[in-house]
$ cat start_34.cif   # mmCIF, C-alpha atoms and all ligand atoms
data_protein
loop_
_atom_site.group_PDB
_atom_site.id
_atom_site.type_symbol
_atom_site.label_atom_id
_atom_site.label_comp_id
_atom_site.auth_asym_id
_atom_site.auth_seq_id
_atom_site.Cartn_x
_atom_site.Cartn_y
_atom_site.Cartn_z
ATOM 1 C CA MET A 1230 25.478 -34.016 -28.198
ATOM 2 C CA ARG A 1231 26.254 -30.359 -29.058
ATOM 3 C CA LYS A 1232 22.536 -29.769 -29.522
ATOM 4 C CA ILE A 1233 21.782 -31.125 -26.056
ATOM 5 C CA ILE A 1234 24.473 -28.956 -24.457
ATOM 6 C CA LEU A 1235 23.121 -25.908 -26.306
ATOM 7 C CA LEU A 1236 19.617 -26.760 -25.139
ATOM 8 C CA ILE A 1237 20.769 -27.079 -21.513
ATOM 9 C CA LEU A 1238 22.599 -23.753 -21.776
ATOM 10 C CA LEU A 1239 19.478 -22.128 -23.211
ATOM 11 C CA VAL A 1240 17.308 -23.451 -20.357
ATOM 12 C CA ILE A 1241 19.815 -22.177 -17.769
ATOM 13 C CA LEU A 1242 19.917 -18.765 -19.474
ATOM 14 C CA LEU A 1243 16.134 -18.433 -19.653
ATOM 15 C CA SER A 1244 15.608 -19.490 -16.068
ATOM 16 C CA TYR A 1245 18.344 -17.197 -14.739
ATOM 17 C CA PRO A 1246 16.031 -14.344 -13.630
ATOM 18 C CA VAL A 1247 13.925 -16.821 -11.644
ATOM 19 C CA PHE A 1248 16.769 -18.529 -9.827
ATOM 20 C CA SER A 1249 19.202 -15.676 -9.460
ATOM 21 C CA ILE A 1250 19.390 -14.592 -5.841
ATOM 22 C CA ILE A 1251 19.520 -10.871 -5.269
ATOM 23 C CA SER A 1252 21.752 -9.956 -2.355
ATOM 24 C CA GLU A 1253 20.539 -7.862 0.592
ATOM 25 C CA GLU A 1254 23.041 -5.160 -0.428
ATOM 26 C CA GLU A 1255 21.592 -5.033 -3.928
ATOM 27 C CA LEU A 1256 18.025 -4.846 -2.579
ATOM 28 C CA GLN A 1257 19.043 -2.042 -0.200
ATOM 29 C CA LYS A 1258 20.698 -0.182 -3.094
ATOM 30 C CA ARG A 1259 17.570 -0.504 -5.215
ATOM 31 C CA ARG A 1260 15.432 0.697 -2.285
ATOM 32 C CA GLU A 1261 17.645 3.790 -2.013
ATOM 33 C CA GLU A 1262 17.267 4.418 -5.750
ATOM 34 C CA MET A 1263 13.486 4.072 -5.416
ATOM 35 C CA VAL A 1264 13.441 6.665 -2.624
ATOM 36 C CA ASN A 1265 15.680 9.024 -4.632
ATOM 37 C CA LEU A 1266 13.220 8.803 -7.516
ATOM 38 C CA ILE A 1267 10.273 9.524 -5.217
ATOM 39 C CA LYS A 1268 12.175 12.518 -3.812
ATOM 40 C CA SER A 1269 12.919 13.823 -7.294
ATOM 41 C CA ARG A 1270 9.192 13.644 -8.037
ATOM 42 C CA GLY A 1271 8.462 16.046 -5.165
ATOM 43 C CA ILE A 1272 7.923 14.029 -1.962
ATOM 44 C CA LYS A 1273 9.492 15.954 0.933
ATOM 45 C CA ASP A 1274 8.146 14.475 4.186
ATOM 46 C CA GLU A 1275 11.211 12.994 5.875
ATOM 47 C CA ARG A 1276 9.157 10.480 7.863
ATOM 48 C CA VAL A 1277 7.620 9.123 4.664
ATOM 49 C CA LEU A 1278 10.986 8.887 2.907
ATOM 50 C CA LYS A 1279 12.569 7.224 5.939
ATOM 51 C CA ALA A 1280 9.739 4.681 6.158
ATOM 52 C CA MET A 1281 10.055 3.821 2.473
ATOM 53 C CA LEU A 1282 13.785 3.402 2.847
ATOM 54 C CA LYS A 1283 13.237 0.974 5.696
ATOM 55 C CA VAL A 1284 10.291 -1.245 4.678
ATOM 56 C CA PRO A 1285 11.474 -4.168 2.485
ATOM 57 C CA ARG A 1286 8.926 -3.921 -0.383
ATOM 58 C CA HIS A 1287 10.222 -7.161 -1.925
ATOM 59 C CA LEU A 1288 8.909 -9.128 1.068
ATOM 60 C CA PHE A 1289 5.367 -8.026 0.183
ATOM 61 C CA VAL A 1290 5.403 -9.680 -3.264
ATOM 62 C CA ASP A 1291 6.088 -13.171 -4.567
ATOM 63 C CA LYS A 1292 9.744 -14.173 -4.774
ATOM 64 C CA SER A 1293 9.490 -14.415 -8.569
ATOM 65 C CA LEU A 1294 8.877 -10.632 -8.597
ATOM 66 C CA TRP A 1295 11.770 -9.614 -6.343
ATOM 67 C CA ASN A 1296 13.742 -8.416 -9.322
ATOM 68 C CA SER A 1297 11.034 -5.802 -10.034
ATOM 69 C CA ALA A 1298 10.163 -5.038 -6.400
ATOM 70 C CA TYR A 1299 11.797 -1.582 -6.377
ATOM 71 C CA GLY A 1300 10.579 -0.321 -9.735
ATOM 72 C CA ASP A 1301 8.119 2.582 -9.628
ATOM 73 C CA PHE A 1302 5.080 0.604 -10.742
ATOM 74 C CA PRO A 1303 2.349 -1.570 -9.209
ATOM 75 C CA LEU A 1304 2.882 -5.341 -8.928
ATOM 76 C CA PRO A 1305 0.374 -8.217 -8.774
ATOM 77 C CA ILE A 1306 -0.374 -9.741 -5.349
ATOM 78 C CA GLY A 1307 -2.913 -12.356 -6.480
ATOM 79 C CA PHE A 1308 -6.730 -12.312 -6.711
ATOM 80 C CA GLY A 1309 -6.502 -9.664 -9.456
ATOM 81 C CA GLN A 1310 -5.174 -7.134 -6.914
ATOM 82 C CA THR A 1311 -1.987 -5.067 -6.902
ATOM 83 C CA ILE A 1312 0.465 -3.481 -4.497
ATOM 84 C CA SER A 1313 0.430 0.255 -5.347
ATOM 85 C CA GLN A 1314 3.190 2.098 -7.157
ATOM 86 C CA PRO A 1315 5.780 3.389 -4.613
ATOM 87 C CA TYR A 1316 5.377 7.043 -5.692
ATOM 88 C CA ILE A 1317 1.596 6.857 -5.126
ATOM 89 C CA VAL A 1318 2.136 5.225 -1.698
ATOM 90 C CA ALA A 1319 4.454 8.118 -0.802
ATOM 91 C CA LEU A 1320 2.118 10.802 -2.210
ATOM 92 C CA MET A 1321 -0.892 9.446 -0.300
ATOM 93 C CA THR A 1322 1.023 8.969 2.946
ATOM 94 C CA GLU A 1323 2.481 12.479 2.768
ATOM 95 C CA ALA A 1324 -0.983 13.958 2.147
ATOM 96 C CA LEU A 1325 -2.224 12.369 5.413
ATOM 97 C CA ARG A 1326 0.204 14.631 7.380
ATOM 98 C CA LEU A 1327 0.514 11.942 10.066
ATOM 99 C CA LYS A 1328 1.840 12.774 13.479
ATOM 100 C CA GLU A 1329 3.234 10.223 15.880
ATOM 101 C CA ASN A 1330 0.350 8.533 17.735
ATOM 102 C CA ASP A 1331 -2.253 9.605 15.146
ATOM 103 C CA LYS A 1332 -4.916 6.956 14.649
ATOM 104 C CA VAL A 1333 -5.071 5.914 11.002
ATOM 105 C CA LEU A 1334 -7.487 3.647 9.122
ATOM 106 C CA GLU A 1335 -6.622 2.012 5.813
ATOM 107 C CA ILE A 1336 -9.241 0.472 3.515
ATOM 108 C CA GLY A 1337 -7.672 -2.210 1.271
ATOM 109 C CA THR A 1338 -4.849 -3.949 3.175
ATOM 110 C CA GLY A 1339 -3.756 -5.973 0.109
ATOM 111 C CA SER A 1340 -0.169 -7.062 0.708
ATOM 112 C CA GLY A 1341 0.161 -4.965 3.873
ATOM 113 C CA TYR A 1342 2.905 -2.753 2.398
ATOM 114 C CA GLN A 1343 1.027 0.540 2.812
ATOM 115 C CA ALA A 1344 0.082 -0.517 6.360
ATOM 116 C CA ALA A 1345 3.777 -1.130 7.148
ATOM 117 C CA ILE A 1346 4.671 2.347 5.846
ATOM 118 C CA LEU A 1347 1.973 3.854 8.089
ATOM 119 C CA ALA A 1348 3.197 1.704 10.999
ATOM 120 C CA GLU A 1349 6.682 3.214 10.692
ATOM 121 C CA ILE A 1350 5.129 6.624 11.406
ATOM 122 C CA THR A 1351 2.473 5.818 14.020
ATOM 123 C CA LYS A 1352 1.689 2.807 16.206
ATOM 124 C CA ASN A 1353 -2.094 3.207 15.787
ATOM 125 C CA VAL A 1354 -2.801 1.549 12.461
ATOM 126 C CA TYR A 1355 -6.108 -0.148 11.580
ATOM 127 C CA THR A 1356 -6.616 -1.796 8.215
ATOM 128 C CA VAL A 1357 -9.557 -3.570 6.559
ATOM 129 C CA GLU A 1358 -9.370 -6.082 3.673
ATOM 130 C CA ILE A 1359 -12.330 -7.696 1.900
ATOM 131 C CA ILE A 1360 -10.470 -10.773 0.521
ATOM 132 C CA LYS A 1361 -9.985 -13.243 3.382
ATOM 133 C CA ASP A 1362 -6.870 -14.858 1.992
ATOM 134 C CA LEU A 1363 -5.133 -11.510 1.492
ATOM 135 C CA ALA A 1364 -6.152 -10.357 4.989
ATOM 136 C CA GLU A 1365 -4.677 -13.511 6.532
ATOM 137 C CA LYS A 1366 -1.471 -13.364 4.516
ATOM 138 C CA ALA A 1367 -0.982 -9.677 5.313
ATOM 139 C CA LYS A 1368 -1.535 -10.370 9.015
ATOM 140 C CA GLU A 1369 1.117 -13.082 9.014
ATOM 141 C CA ARG A 1370 3.558 -10.968 7.010
ATOM 142 C CA LEU A 1371 3.150 -7.883 9.212
ATOM 143 C CA ARG A 1372 3.574 -10.011 12.357
ATOM 144 C CA SER A 1373 6.746 -11.615 11.032
ATOM 145 C CA LEU A 1374 8.205 -8.192 10.218
ATOM 146 C CA GLY A 1375 7.526 -6.949 13.741
ATOM 147 C CA TYR A 1376 4.454 -4.789 13.044
ATOM 148 C CA THR A 1377 2.537 -6.686 15.713
ATOM 149 C CA TYR A 1378 0.579 -3.575 16.706
ATOM 150 C CA VAL A 1379 -1.166 -3.195 13.305
ATOM 151 C CA LYS A 1380 -4.790 -4.323 13.613
ATOM 152 C CA ILE A 1381 -6.288 -6.117 10.612
ATOM 153 C CA LYS A 1382 -9.917 -6.965 9.941
ATOM 154 C CA TRP A 1383 -11.435 -9.089 7.180
ATOM 155 C CA ASP A 1384 -14.533 -7.123 6.162
ATOM 156 C CA ASP A 1385 -16.110 -4.730 3.681
ATOM 157 C CA GLY A 1386 -14.238 -1.487 4.313
ATOM 158 C CA TYR A 1387 -17.072 0.599 2.829
ATOM 159 C CA TYR A 1388 -18.328 0.757 6.420
ATOM 160 C CA GLY A 1389 -14.947 1.702 7.878
ATOM 161 C CA TRP A 1390 -14.119 0.272 11.320
ATOM 162 C CA LYS A 1391 -16.597 1.786 13.721
ATOM 163 C CA GLU A 1392 -15.200 0.185 16.868
ATOM 164 C CA TYR A 1393 -12.050 2.338 16.876
ATOM 165 C CA ALA A 1394 -13.477 5.498 15.256
ATOM 166 C CA PRO A 1395 -12.945 8.418 14.990
ATOM 167 C CA TYR A 1396 -9.657 8.520 13.059
ATOM 168 C CA ASP A 1397 -7.142 11.316 12.550
ATOM 169 C CA ALA A 1398 -6.518 9.983 9.063
ATOM 170 C CA ILE A 1399 -8.127 7.574 6.591
ATOM 171 C CA ILE A 1400 -6.446 6.176 3.476
ATOM 172 C CA VAL A 1401 -8.407 4.255 0.860
ATOM 173 C CA THR A 1402 -6.315 2.157 -1.531
ATOM 174 C CA CYS A 1403 -9.127 0.857 -3.731
ATOM 175 C CA ALA A 1404 -11.482 3.058 -5.738
ATOM 176 C CA PRO A 1405 -15.181 3.553 -4.934
ATOM 177 C CA ASP A 1406 -17.420 5.518 -7.343
ATOM 178 C CA HIS A 1407 -18.432 7.808 -4.475
ATOM 179 C CA THR A 1408 -16.975 8.606 -1.069
ATOM 180 C CA PRO A 1409 -18.519 6.164 1.441
ATOM 181 C CA PRO A 1410 -20.519 8.215 3.999
ATOM 182 C CA PRO A 1411 -19.407 5.964 6.926
ATOM 183 C CA LEU A 1412 -15.782 6.972 6.234
ATOM 184 C CA ILE A 1413 -16.687 10.675 6.384
ATOM 185 C CA GLN A 1414 -18.490 10.009 9.675
ATOM 186 C CA GLN A 1415 -15.484 8.180 11.129
ATOM 187 C CA LEU A 1416 -13.078 11.033 10.319
ATOM 188 C CA LYS A 1417 -12.173 13.234 13.307
ATOM 189 C CA GLU A 1418 -12.622 16.990 13.297
ATOM 190 C CA GLY A 1419 -9.393 18.246 11.731
ATOM 191 C CA GLY A 1420 -8.862 14.809 10.146
ATOM 192 C CA ARG A 1421 -7.521 14.037 6.656
ATOM 193 C CA MET A 1422 -8.731 11.388 4.228
ATOM 194 C CA VAL A 1423 -7.029 10.398 0.965
ATOM 195 C CA ILE A 1424 -9.268 8.519 -1.451
ATOM 196 C CA PRO A 1425 -9.365 7.751 -5.191
ATOM 197 C CA VAL A 1426 -12.902 8.270 -6.497
ATOM 198 C CA GLY A 1427 -14.148 7.445 -9.965
ATOM 199 C CA PRO A 1428 -15.566 4.846 -12.304
ATOM 200 C CA PRO A 1429 -14.075 1.347 -11.991
ATOM 201 C CA GLY A 1430 -11.431 0.412 -14.541
ATOM 202 C CA LEU A 1431 -10.866 4.020 -15.600
ATOM 203 C CA TYR A 1432 -8.866 6.917 -14.222
ATOM 204 C CA GLN A 1433 -9.968 8.155 -10.843
ATOM 205 C CA THR A 1434 -9.310 11.436 -9.076
ATOM 206 C CA LEU A 1435 -7.234 11.222 -5.921
ATOM 207 C CA TRP A 1436 -8.892 13.478 -3.343
ATOM 208 C CA LEU A 1437 -7.600 14.878 -0.088
ATOM 209 C CA ILE A 1438 -10.687 15.483 2.064
ATOM 210 C CA GLU A 1439 -10.251 17.506 5.243
ATOM 211 C CA LYS A 1440 -12.872 17.940 7.944
ATOM 212 C CA ILE A 1441 -12.619 21.517 9.091
ATOM 213 C CA LYS A 1442 -15.221 22.803 11.568
ATOM 214 C CA GLY A 1443 -17.633 20.126 10.416
ATOM 215 C CA LYS A 1444 -17.252 21.110 6.749
ATOM 216 C CA LEU A 1445 -15.426 19.138 4.072
ATOM 217 C CA LYS A 1446 -12.614 20.660 2.053
ATOM 218 C CA PHE A 1447 -11.702 18.797 -1.169
ATOM 219 C CA THR A 1448 -8.269 19.063 -2.815
ATOM 220 C CA ASP A 1449 -7.587 17.351 -6.157
ATOM 221 C CA LEU A 1450 -4.250 15.476 -5.968
ATOM 222 C CA GLY A 1451 -4.355 14.263 -9.578
ATOM 223 C CA GLY A 1452 -5.412 11.330 -11.730
ATOM 224 C CA VAL A 1453 -4.715 7.763 -10.574
ATOM 225 C CA VAL A 1454 -5.655 4.182 -11.452
ATOM 226 C CA PHE A 1455 -6.725 1.901 -8.587
ATOM 227 C CA VAL A 1456 -8.503 -1.434 -8.455
ATOM 228 C CA PRO A 1457 -12.220 -0.969 -7.682
ATOM 229 C CA LEU A 1458 -13.614 -0.999 -4.155
ATOM 230 C CA GLN A 1459 -15.706 -4.164 -4.085
ATOM 231 C CA ARG A 1460 -18.863 -4.572 -2.063
ATOM 232 C CA ARG A 1461 -19.726 -7.599 0.012
ATOM 233 C CA LYS A 1462 -22.747 -9.301 -1.544
HETATM 234 N N1 LIG A 1501 -2.710 -1.065 0.095
HETATM 235 C C1 LIG A 1501 -2.407 -2.303 -0.584
HETATM 236 C C2 LIG A 1501 -2.793 -2.317 -2.036
HETATM 237 C C3 LIG A 1501 -4.187 -2.502 -2.194
HETATM 238 S S1 LIG A 1501 -4.889 -3.104 -3.656
HETATM 239 C C4 LIG A 1501 -0.939 -2.674 -0.482
HETATM 240 O O1 LIG A 1501 -0.151 -1.893 0.071
HETATM 241 O O2 LIG A 1501 -0.584 -3.759 -0.928
HETATM 242 C C5 LIG A 1501 -6.537 -2.820 -3.104
HETATM 243 C C6 LIG A 1501 -7.041 -3.754 -2.062
HETATM 244 O O3 LIG A 1501 -8.335 -3.324 -1.683
HETATM 245 C C7 LIG A 1501 -7.189 -5.183 -2.554
HETATM 246 O O4 LIG A 1501 -6.503 -6.045 -1.718
HETATM 247 C C8 LIG A 1501 -8.699 -5.419 -2.479
HETATM 248 O O5 LIG A 1501 -9.042 -6.742 -2.161
HETATM 249 C C9 LIG A 1501 -9.113 -4.459 -1.389
HETATM 250 N N2 LIG A 1501 -10.527 -4.075 -1.365
HETATM 251 C C10 LIG A 1501 -11.375 -3.892 -2.401
HETATM 252 N N3 LIG A 1501 -12.598 -3.553 -1.962
HETATM 253 C C11 LIG A 1501 -12.523 -3.512 -0.607
HETATM 254 C C12 LIG A 1501 -13.459 -3.242 0.422
HETATM 255 N N4 LIG A 1501 -14.722 -2.936 0.185
HETATM 256 N N5 LIG A 1501 -13.028 -3.293 1.709
HETATM 257 C C13 LIG A 1501 -11.746 -3.621 1.998
HETATM 258 N N6 LIG A 1501 -10.817 -3.907 1.070
HETATM 259 C C14 LIG A 1501 -11.197 -3.846 -0.220
#

$ encode --input "start_34.cif" --output "structure tokens" --more "lines below"
Ligand code: SAH
Amino acid sequence: MRKIILLILLVILLSYPVFSIISEEELQKRREEMVNLIKSRGIKDERVLKAMLKVPRHLFVDKSLWNSAYGDFPLPIGFGQTISQPYIVALMTEALRLKENDKVLEIGTGSGYQAAILAEITKNVYTVEIIKDLAEKAKERLRSLGYTYVKIKWDDGYYGWKEYAPYDAIIVTCAPDHTPPPLIQQLKEGGRMVIPVGPPGLYQTLWLIEKIKGKLKFTDLGGVVFVPLQRRK
């Protein structure tokens, strides 16, 4: 009998992290801590910090991962893909220098989290995802959170989204081994693009590319690790 009780206790103990419900207050507190960390790492743009304080990152991952949703690391979102590390989301968004009403294109919708951060800053957000299931889930999630104005397309983002081009800003959240020429073409004069470029599965360089008087200016923002940009067969 004692053995059975001990066994039951053990099962309850082991399953605690799965079944424990984290309160809204606790999640809000963790979100504040996440933003404080991002700030301490050098992110200054108030609009970016405000957006990250507001968007509930836990709602972009599976419930079983809620406990880790505000840690500064990537999390799995299925199909071998990940939601980016919060600091990298902040760094990339800040580098875009978005103004209200700027038109921004994202390649690699994934969970939709980065799109929601962009949508807190401007209403003109376009995002392309190559995995149909992820595109559909992100669409549903963004709708349910009130980001009804974010436009999502299931397609190979290598070609950008010509219909709404040119863009003030382009953010690529998967890594190609070269900068796709269509994305350069779809960037407005004076526009900013943030893109990780490098060999798949290794470190890539995060580039800020600015189009100034028709010429491209490249700024190295550091080493990053992103999932590869896939091509449609
Ligand atoms: N920005 C996402 C994280 C993206 S992970 C978020 O906030 O959750 C990278 C995403 O890029 C994956 O969902 C992957 O399926 C997608 N992807 C890879 N190659 C792509 C391509 N050619 N076009 C569009 N999306 C692509």

$ axis_aligned_box --input "start_34.cif" --around "stretch 1394-1408 of chain A" --padding-each-side "5 Å" --output "JSON"
{"center_x": -12.4, "center_y": 6.1, "center_z": 4.0, "size_x": 22.1, "size_y": 20.5, "size_z": 32.6}

$ residues_near_ligand --input "start_34.cif" --ligand "ligand LIG 1501 (chain A)" --cutoff "7 Å" --atoms "all atoms listed in the file" --output "PDB file with C-alpha atoms, in the frame of the given file"
ATOM      1  CA  GLN A1310      -5.174  -7.134  -6.914  1.00  0.00           C
ATOM      2  CA  THR A1311      -1.987  -5.067  -6.902  1.00  0.00           C
ATOM      3  CA  ILE A1312       0.465  -3.481  -4.497  1.00  0.00           C
ATOM      4  CA  SER A1313       0.430   0.255  -5.347  1.00  0.00           C
ATOM      5  CA  ILE A1336      -9.241   0.472   3.515  1.00  0.00           C
ATOM      6  CA  GLY A1337      -7.672  -2.210   1.271  1.00  0.00           C
ATOM      7  CA  THR A1338      -4.849  -3.949   3.175  1.00  0.00           C
ATOM      8  CA  GLY A1339      -3.756  -5.973   0.109  1.00  0.00           C
ATOM      9  CA  SER A1340      -0.169  -7.062   0.708  1.00  0.00           C
ATOM     10  CA  GLY A1341       0.161  -4.965   3.873  1.00  0.00           C
ATOM     11  CA  TYR A1342       2.905  -2.753   2.398  1.00  0.00           C
ATOM     12  CA  GLN A1343       1.027   0.540   2.812  1.00  0.00           C
ATOM     13  CA  ALA A1344       0.082  -0.517   6.360  1.00  0.00           C
ATOM     14  CA  VAL A1357      -9.557  -3.570   6.559  1.00  0.00           C
ATOM     15  CA  GLU A1358      -9.370  -6.082   3.673  1.00  0.00           C
ATOM     16  CA  ILE A1359     -12.330  -7.696   1.900  1.00  0.00           C
ATOM     17  CA  ILE A1360     -10.470 -10.773   0.521  1.00  0.00           C
ATOM     18  CA  LEU A1363      -5.133 -11.510   1.492  1.00  0.00           C
ATOM     19  CA  ASP A1384     -14.533  -7.123   6.162  1.00  0.00           C
ATOM     20  CA  ASP A1385     -16.110  -4.730   3.681  1.00  0.00           C
ATOM     21  CA  GLY A1386     -14.238  -1.487   4.313  1.00  0.00           C
ATOM     22  CA  TYR A1387     -17.072   0.599   2.829  1.00  0.00           C
ATOM     23  CA  THR A1402      -6.315   2.157  -1.531  1.00  0.00           C
ATOM     24  CA  CYS A1403      -9.127   0.857  -3.731  1.00  0.00           C
ATOM     25  CA  VAL A1456      -8.503  -1.434  -8.455  1.00  0.00           C
ATOM     26  CA  PRO A1457     -12.220  -0.969  -7.682  1.00  0.00           C
ATOM     27  CA  LEU A1458     -13.614  -0.999  -4.155  1.00  0.00           C
ATOM     28  CA  GLN A1459     -15.706  -4.164  -4.085  1.00  0.00           C
ATOM     29  CA  ARG A1460     -18.863  -4.572  -2.063  1.00  0.00           C
ATOM     30  CA  ARG A1461     -19.726  -7.599   0.012  1.00  0.00           C
TER      31      ARG A1461
END

$ atom_distance --input "start_34.cif" --atom1 "atom CA of A:Pro1405" --atom2 "atom CA of A:Tyr1355"
19.2 Å

$ closest_residue --input "start_34.cif" --among "A:Leu1327, A:Met1263, A:Leu1371, A:Pro1429" --to "A:Pro1315" --atoms "all atoms listed in the file"
A:Met1263

$ closest_residue --input "start_34.cif" --among "A:Pro1410, A:Leu1266, A:Lys1352, A:Ala1324" --to "A:Gly1375" --atoms "all atoms listed in the file"
A:Lys1352

$ closest_residue --input "start_34.cif" --among "A:Val1333, A:Ile1317, A:Leu1256, A:Ala1364" --to "A:Ile1350" --atoms "only C-alpha atoms"
A:Val1333

$ resolve_selection --input "start_34.cif" --expression "the PyMOL selection byres (((chain A and resi 1409) around 10) and not hetatm)" --output "JSON, numbers by chain"
{"A": [1386, 1387, 1388, 1389, 1405, 1406, 1407, 1408, 1410, 1411, 1412, 1413, 1414, 1424, 1426]}

$ resolve_selection --input "start_34.cif" --expression "the PyMOL selection byres (((chain A and resi 1433) around 9) and not hetatm)" --output "list in words"
Ala1404, Asp1406, Pro1425, Val1426, Gly1427, Pro1428, Pro1429, Gly1430, Leu1431, Tyr1432, Thr1434, Leu1435, Gly1451, Gly1452, Val1453, Val1454 and Phe1455 of chain A

$ residues_around --input "start_34.cif" --residues "A:Ala1348" --least-positions-apart "5" --cutoff "9 Å" --atoms "all atoms listed in the file" --output "compact mmCIF listing (two decimals) with C-alpha atoms, keeping the file's coordinate frame"
# COMPACT_ATOMS: atom_id res chain seq x y z
CA ALA A 1280 9.74 4.68 6.16
CA GLN A 1343 1.03 0.54 2.81
CA ASN A 1353 -2.09 3.21 15.79
CA VAL A 1354 -2.80 1.55 12.46
CA TYR A 1376 4.45 -4.79 13.04
CA TYR A 1378 0.58 -3.58 16.71
CA VAL A 1379 -1.17 -3.20 13.30

$ closest_residue --input "start_34.cif" --among "A:Leu1320, A:Leu1416, A:Glu1255, A:Lys1328" --to "A:Arg1270" --atoms "all atoms listed in the file"
A:Leu1320

$ residues_near_point --input "start_34.cif" --point "(4.1, 11.6, 3.7)" --cutoff "9 Å" --atoms "all atoms listed in the file" --output "JSON, numbers by chain"
{"A": [1272, 1273, 1274, 1275, 1276, 1277, 1278, 1318, 1319, 1320, 1321, 1322, 1323, 1324, 1325, 1326, 1327]}

$ resolve_selection --input "start_34.cif" --expression "the PyMOL selection byres (((chain A and resi 1423) around 6) and not hetatm)" --output "list in words"
Ile1400, Met1422, Ile1424, Trp1436 and Leu1437 of chain A

$ atom_distance --input "start_34.cif" --atom1 "atom CA of A:Leu1288" --atom2 "atom CA of A:Lys1258"
15.4 Å

$ closest_atom_pairs --input "start_34.cif" --of "stretch 1260-1292 of chain A" --to "stretch 1366-1369 of chain A" --cutoff "12 Å" --atoms "all atoms listed in the file" --output "Markdown table"
| residue | atom | partner | partner_atom | distance |
| --- | --- | --- | --- | --- |
| A:Leu1288 | CA | A:Ala1367 | CA | 10.8 |
| A:Phe1289 | CA | A:Ala1367 | CA | 8.3 |
| A:Val1290 | CA | A:Ala1367 | CA | 10.7 |
| A:Asp1291 | CA | A:Lys1366 | CA | 11.8 |

$ atom_distance --input "start_34.cif" --atom1 "atom CA of A:Leu1304" --atom2 "atom CA of A:Ser1269"
21.7 Å

$ build_atoms --input "start_34.cif" --residues "stretch 1378-1394 of chain A" --atoms "N, CA and C atoms" --output "short mmCIF file (atom, residue, chain, number, x, y, z; two decimals), in the coordinates of the input"
data_model
loop_
_atom_site.label_atom_id
_atom_site.label_comp_id
_atom_site.auth_asym_id
_atom_site.auth_seq_id
_atom_site.Cartn_x
_atom_site.Cartn_y
_atom_site.Cartn_z
N TYR A 1378 1.61 -4.50 16.21
CA TYR A 1378 0.58 -3.58 16.71
C TYR A 1378 -0.41 -3.15 15.63
N VAL A 1379 -0.21 -3.53 14.37
CA VAL A 1379 -1.17 -3.20 13.30
C VAL A 1379 -2.38 -4.11 13.44
N LYS A 1380 -3.58 -3.51 13.47
CA LYS A 1380 -4.79 -4.32 13.61
C LYS A 1380 -5.45 -4.51 12.25
N ILE A 1381 -5.73 -5.78 11.92
CA ILE A 1381 -6.29 -6.12 10.61
C ILE A 1381 -7.64 -6.77 10.76
N LYS A 1382 -8.59 -6.34 9.91
CA LYS A 1382 -9.92 -6.96 9.94
C LYS A 1382 -10.31 -7.40 8.54
N TRP A 1383 -10.89 -8.60 8.44
CA TRP A 1383 -11.44 -9.09 7.18
C TRP A 1383 -12.89 -8.65 7.11
N ASP A 1384 -13.18 -7.68 6.23
CA ASP A 1384 -14.53 -7.12 6.16
C ASP A 1384 -14.66 -6.21 4.95
N ASP A 1385 -15.87 -5.72 4.73
CA ASP A 1385 -16.11 -4.73 3.68
C ASP A 1385 -15.79 -3.34 4.26
N GLY A 1386 -14.71 -2.77 3.79
CA GLY A 1386 -14.24 -1.49 4.31
C GLY A 1386 -15.11 -0.30 3.96
N TYR A 1387 -16.14 -0.50 3.14
CA TYR A 1387 -17.07 0.60 2.83
C TYR A 1387 -17.62 1.20 4.14
N TYR A 1388 -17.77 0.32 5.13
CA TYR A 1388 -18.33 0.76 6.42
C TYR A 1388 -17.27 1.22 7.42
N GLY A 1389 -16.02 1.28 6.98
CA GLY A 1389 -14.95 1.70 7.88
C GLY A 1389 -14.72 0.67 8.98
N TRP A 1390 -14.30 1.15 10.15
CA TRP A 1390 -14.12 0.27 11.32
C TRP A 1390 -14.59 1.07 12.53
N LYS A 1391 -15.90 0.93 12.77
CA LYS A 1391 -16.60 1.79 13.72
C LYS A 1391 -16.03 1.70 15.14
N GLU A 1392 -15.66 0.47 15.51
CA GLU A 1392 -15.20 0.18 16.87
C GLU A 1392 -14.10 1.14 17.35
N TYR A 1393 -13.18 1.50 16.46
CA TYR A 1393 -12.05 2.34 16.88
C TYR A 1393 -12.17 3.79 16.42
N ALA A 1394 -13.28 4.14 15.77
CA ALA A 1394 -13.48 5.50 15.26
C ALA A 1394 -13.62 6.48 16.42
#
